[in-house]
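S.K.: The following block contains the structure, expressed as structure tokens.
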Amino acid sequence: MNQFLRGMMQAVSESFHLPEPILEIGSLQVDDQSELINLRSLFPNTDYTGVDFRAGPGVDCVASVEALPHEDASVGTVIALSTFEHVQKFWLGFKEVKRVLRPDGVFVVASPFYFHVHAYPHDYWRFTPEALDFLLDEYPLRLLGSHGPARRMANVWGIAFNEKSRLPTDSDLKRYSDLMKAYARQPLPWHRRLRYQVGSLLCGRRPFAPHLEREKWSIERRGQAA
């Protein structure tokens, strides 16, 4: 989790209809990120459940996304940020999310791409936007996002709307884009930016692009009404 992804999630929460109950996968709030990673603070006074395979702060239900204990079509919104790279059999997790989502449900998922190995307890996978689109193909409408340089994205994310979801209007999409500009920020300290700019002059921009372009982002619509 980082400032950019939290801002992305805040933009999503304020732009689209995310029905209750809300289920967050990978909700454990680790000590050094407790405020940043506390996504339930974006959804006050809602039916919100945090699921993780380890007990701890932010966890209401100990379970694996590969075998969720929830009934079929019982959840309104599933959120999984920086989680599926740690799921050994990630394809089972995506099937489980689809199973527990109601027909009017929404699935918000994000995963790092160009990022160091971070074992909580293990780090297995990386996903491109095309991979997410393939994994979310059963959802009639998908919004796919990425930030950073096009070939070395820091993170990718998807917002998948089920067959009876309240689909976003043009006004909703405009609001989402505007709020992304306001919230999805991860600025570099001036001294680091200066160092990378000097390095790019000496060695070329490519090695430093993931740092200098880490606030660059794009969104693409796939599926219904694309």
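We label chains A, B, ... in the order they appear in the structure tokens, count residues from 1 in each chain, and number ligands from 1 in the order shown.
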How would you write, as a PyMOL selection string, the set of residues in range 96-218 of chain A that DSSP gives as strand (DSSP E)?

M.R.: chain A and resi 101-112+141-147+155-161+217-218

S.K.: Those selected residues, please, written with N, CA and C atoms and delivered as a PDB file, in the first residue's frame.

M.R.:
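Result saved to part.pdb:
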ATOM      1  N   LEU A 101     -19.694 -12.277  -4.816  1.00  0.00           N
ATOM      2  CA  LEU A 101     -20.268 -10.994  -5.206  1.00  0.00           C
ATOM      3  C   LEU A 101     -21.716 -11.138  -5.648  1.00  0.00           C
ATOM      4  N   ARG A 102     -22.532 -10.201  -5.246  1.00  0.00           N
ATOM      5  CA  ARG A 102     -23.905 -10.146  -5.742  1.00  0.00           C
ATOM      6  C   ARG A 102     -23.907  -9.736  -7.214  1.00  0.00           C
ATOM      7  N   PRO A 103     -24.997  -9.986  -7.918  1.00  0.00           N
ATOM      8  CA  PRO A 103     -25.067  -9.563  -9.321  1.00  0.00           C
ATOM      9  C   PRO A 103     -24.874  -8.058  -9.509  1.00  0.00           C
ATOM     10  N   ASP A 104     -25.194  -7.260  -8.474  1.00  0.00           N
ATOM     11  CA  ASP A 104     -25.002  -5.811  -8.572  1.00  0.00           C
ATOM     12  C   ASP A 104     -23.685  -5.373  -7.930  1.00  0.00           C
ATOM     13  N   GLY A 105     -22.782  -6.326  -7.710  1.00  0.00           N
ATOM     14  CA  GLY A 105     -21.555  -6.050  -6.976  1.00  0.00           C
ATOM     15  C   GLY A 105     -20.450  -5.403  -7.803  1.00  0.00           C
ATOM     16  N   VAL A 106     -19.437  -4.917  -7.074  1.00  0.00           N
ATOM     17  CA  VAL A 106     -18.271  -4.265  -7.674  1.00  0.00           C
ATOM     18  C   VAL A 106     -17.011  -4.846  -7.038  1.00  0.00           C
ATOM     19  N   PHE A 107     -15.993  -5.052  -7.846  1.00  0.00           N
ATOM     20  CA  PHE A 107     -14.717  -5.600  -7.378  1.00  0.00           C
ATOM     21  C   PHE A 107     -13.620  -4.589  -7.708  1.00  0.00           C
ATOM     22  N   VAL A 108     -12.902  -4.132  -6.679  1.00  0.00           N
ATOM     23  CA  VAL A 108     -11.784  -3.204  -6.847  1.00  0.00           C
ATOM     24  C   VAL A 108     -10.506  -3.947  -6.462  1.00  0.00           C
ATOM     25  N   VAL A 109      -9.577  -4.069  -7.399  1.00  0.00           N
ATOM     26  CA  VAL A 109      -8.362  -4.845  -7.152  1.00  0.00           C
ATOM     27  C   VAL A 109      -7.154  -4.065  -7.671  1.00  0.00           C
ATOM     28  N   ALA A 110      -6.064  -4.117  -6.928  1.00  0.00           N
ATOM     29  CA  ALA A 110      -4.822  -3.467  -7.355  1.00  0.00           C
ATOM     30  C   ALA A 110      -3.644  -4.340  -6.953  1.00  0.00           C
ATOM     31  N   SER A 111      -2.593  -4.251  -7.740  1.00  0.00           N
ATOM     32  CA  SER A 111      -1.407  -5.044  -7.452  1.00  0.00           C
ATOM     33  C   SER A 111      -0.174  -4.320  -7.976  1.00  0.00           C
ATOM     34  N   PRO A 112       0.961  -4.437  -7.287  1.00  0.00           N
ATOM     35  CA  PRO A 112       2.183  -3.818  -7.801  1.00  0.00           C
ATOM     36  C   PRO A 112       2.701  -4.551  -9.024  1.00  0.00           C
ATOM     37  N   LEU A 141     -18.221  -4.733 -17.414  1.00  0.00           N
ATOM     38  CA  LEU A 141     -17.511  -3.466 -17.562  1.00  0.00           C
ATOM     39  C   LEU A 141     -16.313  -3.444 -16.624  1.00  0.00           C
ATOM     40  N   ARG A 142     -15.143  -3.081 -17.176  1.00  0.00           N
ATOM     41  CA  ARG A 142     -13.925  -2.970 -16.375  1.00  0.00           C
ATOM     42  C   ARG A 142     -13.266  -1.627 -16.650  1.00  0.00           C
ATOM     43  N   LEU A 143     -12.825  -0.981 -15.590  1.00  0.00           N
ATOM     44  CA  LEU A 143     -11.977   0.194 -15.705  1.00  0.00           C
ATOM     45  C   LEU A 143     -10.584  -0.227 -15.277  1.00  0.00           C
ATOM     46  N   LEU A 144      -9.624  -0.123 -16.180  1.00  0.00           N
ATOM     47  CA  LEU A 144      -8.264  -0.556 -15.903  1.00  0.00           C
ATOM     48  C   LEU A 144      -7.365   0.661 -15.758  1.00  0.00           C
ATOM     49  N   GLY A 145      -6.553   0.663 -14.713  1.00  0.00           N
ATOM     50  CA  GLY A 145      -5.673   1.791 -14.476  1.00  0.00           C
ATOM     51  C   GLY A 145      -4.246   1.349 -14.238  1.00  0.00           C
ATOM     52  N   SER A 146      -3.319   2.265 -14.483  1.00  0.00           N
ATOM     53  CA  SER A 146      -1.915   2.025 -14.173  1.00  0.00           C
ATOM     54  C   SER A 146      -1.261   3.357 -13.887  1.00  0.00           C
ATOM     55  N   HIS A 147      -0.181   3.319 -13.117  1.00  0.00           N
ATOM     56  CA  HIS A 147       0.553   4.565 -12.924  1.00  0.00           C
ATOM     57  C   HIS A 147       2.042   4.299 -12.992  1.00  0.00           C
ATOM     58  N   ASN A 155       2.095   0.306 -10.221  1.00  0.00           N
ATOM     59  CA  ASN A 155       0.938  -0.498  -9.834  1.00  0.00           C
ATOM     60  C   ASN A 155      -0.078  -0.513 -10.963  1.00  0.00           C
ATOM     61  N   VAL A 156      -0.891  -1.555 -10.979  1.00  0.00           N
ATOM     62  CA  VAL A 156      -2.038  -1.610 -11.874  1.00  0.00           C
ATOM     63  C   VAL A 156      -3.272  -1.873 -11.029  1.00  0.00           C
ATOM     64  N   TRP A 157      -4.431  -1.413 -11.511  1.00  0.00           N
ATOM     65  CA  TRP A 157      -5.661  -1.664 -10.765  1.00  0.00           C
ATOM     66  C   TRP A 157      -6.827  -1.839 -11.724  1.00  0.00           C
ATOM     67  N   GLY A 158      -7.873  -2.452 -11.212  1.00  0.00           N
ATOM     68  CA  GLY A 158      -9.076  -2.656 -11.991  1.00  0.00           C
ATOM     69  C   GLY A 158     -10.303  -2.437 -11.134  1.00  0.00           C
ATOM     70  N   ILE A 159     -11.341  -1.882 -11.744  1.00  0.00           N
ATOM     71  CA  ILE A 159     -12.648  -1.730 -11.099  1.00  0.00           C
ATOM     72  C   ILE A 159     -13.630  -2.478 -11.988  1.00  0.00           C
ATOM     73  N   ALA A 160     -14.158  -3.592 -11.486  1.00  0.00           N
ATOM     74  CA  ALA A 160     -15.000  -4.477 -12.286  1.00  0.00           C
ATOM     75  C   ALA A 160     -16.443  -4.403 -11.800  1.00  0.00           C
ATOM     76  N   PHE A 161     -17.349  -4.159 -12.729  1.00  0.00           N
ATOM     77  CA  PHE A 161     -18.768  -4.018 -12.418  1.00  0.00           C
ATOM     78  C   PHE A 161     -19.499  -5.271 -12.888  1.00  0.00           C
ATOM     79  N   TRP A 217      -0.492   8.635 -14.564  1.00  0.00           N
ATOM     80  CA  TRP A 217      -1.444   7.527 -14.527  1.00  0.00           C
ATOM     81  C   TRP A 217      -2.357   7.580 -15.751  1.00  0.00           C
ATOM     82  N   SER A 218      -2.991   6.445 -16.033  1.00  0.00           N
ATOM     83  CA  SER A 218      -3.943   6.358 -17.138  1.00  0.00           C
ATOM     84  C   SER A 218      -5.062   5.414 -16.763  1.00  0.00           C
TER      85      SER A 218
END

S.K.: Write out as a list in words which residues come within 12 Å of His116 in chain A when counting only C-alpha atoms, dropping same-chain ones fewer than 5 positions away.

M.R.: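 In the requested format, the answer is Glu85, Asp123, Tyr124, Trp125, Arg126, Ala154 and Asn155 of chain A.
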
S.K.: Would you output that residue set with C-alpha atoms, as an mmCIF file, in the first residue's frame?

M.R.:
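And here's part-v4.cif as it stands now:
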data_model
loop_
_atom_site.group_PDB
_atom_site.id
_atom_site.type_symbol
_atom_site.label_atom_id
_atom_site.label_comp_id
_atom_site.auth_asym_id
_atom_site.auth_seq_id
_atom_site.Cartn_x
_atom_site.Cartn_y
_atom_site.Cartn_z
ATOM 1 C CA GLU A 85 0.641 -10.855 -5.454
ATOM 2 C CA ASP A 123 5.536 -12.636 -2.801
ATOM 3 C CA TYR A 124 4.541 -14.745 -5.831
ATOM 4 C CA TRP A 125 3.151 -12.730 -8.731
ATOM 5 C CA ARG A 126 3.032 -9.565 -10.843
ATOM 6 C CA ALA A 154 4.450 0.877 -10.372
ATOM 7 C CA ASN A 155 0.938 -0.498 -9.834
#

S.K.: Fewer than 2 positions away in the same chain doesn't count, so skip those; otherwise give me all residues within 9 Å of Ala209 in chain A, counting only C-alpha atoms, as a list of chain:residue names.

M.R.: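 Neighbouring residues, sequence-local ones excluded: A:Gly148, A:Pro149, A:Arg152, A:Tyr196, A:Ser200, A:Arg205, A:Arg206, A:Pro207, A:His211, A:Leu212, A:Glu213, A:Arg214.
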
S.K.: With C-alpha atoms retained, could you export that selection as an mmCIF file, in the first residue's frame?

M.R.:
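Contents of selection.cif, as written:
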data_model
loop_
_atom_site.group_PDB
_atom_site.id
_atom_site.type_symbol
_atom_site.label_atom_id
_atom_site.label_comp_id
_atom_site.auth_asym_id
_atom_site.auth_seq_id
_atom_site.Cartn_x
_atom_site.Cartn_y
_atom_site.Cartn_z
ATOM 1 C CA GLY A 148 4.132 5.175 -13.797
ATOM 2 C CA PRO A 149 5.888 4.721 -17.160
ATOM 3 C CA ARG A 152 7.459 -0.205 -15.966
ATOM 4 C CA TYR A 196 17.043 11.689 -10.561
ATOM 5 C CA SER A 200 18.623 11.192 -16.368
ATOM 6 C CA ARG A 205 15.775 8.933 -18.700
ATOM 7 C CA ARG A 206 14.884 5.245 -18.826
ATOM 8 C CA PRO A 207 16.574 4.092 -15.567
ATOM 9 C CA HIS A 211 10.758 7.531 -10.045
ATOM 10 C CA LEU A 212 10.234 10.656 -12.130
ATOM 11 C CA GLU A 213 6.910 9.440 -13.566
ATOM 12 C CA ARG A 214 5.423 7.855 -10.459
#

S.K.: Gly56 in chain A: which residues within 10 Å, counting only C-alpha atoms, same-chain residues fewer than 5 positions away excluded, as a PDB file with N, CA and C atoms, in the first residue's frame?

M.R.:
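Result file follows (part.pdb):
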ATOM      1  N   SER A  27      -6.769  -7.316   4.809  1.00  0.00           N
ATOM      2  CA  SER A  27      -7.071  -6.126   5.614  1.00  0.00           C
ATOM      3  C   SER A  27      -6.148  -5.918   6.808  1.00  0.00           C
ATOM      4  N   LEU A  28      -5.204  -6.821   7.039  1.00  0.00           N
ATOM      5  CA  LEU A  28      -4.318  -6.678   8.198  1.00  0.00           C
ATOM      6  C   LEU A  28      -3.577  -5.351   8.129  1.00  0.00           C
ATOM      7  N   GLN A  29      -3.651  -4.592   9.211  1.00  0.00           N
ATOM      8  CA  GLN A  29      -2.991  -3.291   9.279  1.00  0.00           C
ATOM      9  C   GLN A  29      -1.648  -3.462   9.982  1.00  0.00           C
ATOM     10  N   VAL A  30      -0.583  -3.511   9.181  1.00  0.00           N
ATOM     11  CA  VAL A  30       0.751  -3.696   9.746  1.00  0.00           C
ATOM     12  C   VAL A  30       1.171  -2.428  10.469  1.00  0.00           C
ATOM     13  N   CYS A  61     -12.286 -11.334  10.104  1.00  0.00           N
ATOM     14  CA  CYS A  61     -12.502 -12.725   9.722  1.00  0.00           C
ATOM     15  C   CYS A  61     -11.179 -13.295   9.208  1.00  0.00           C
ATOM     16  N   VAL A  62     -10.704 -14.363   9.826  1.00  0.00           N
ATOM     17  CA  VAL A  62      -9.467 -15.008   9.391  1.00  0.00           C
ATOM     18  C   VAL A  62      -9.824 -16.075   8.360  1.00  0.00           C
TER      19      VAL A  62
END

S.K.: Can you work out which one of A:Phe84, A:Phe16, A:Phe115, A:Phe53 has the shortest atom-to-atom distance to Leu173 in chain A, counting only C-alpha atoms?

M.R.: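 Among the listed residues, A:Phe16 lies closest to Leu173 in chain A.
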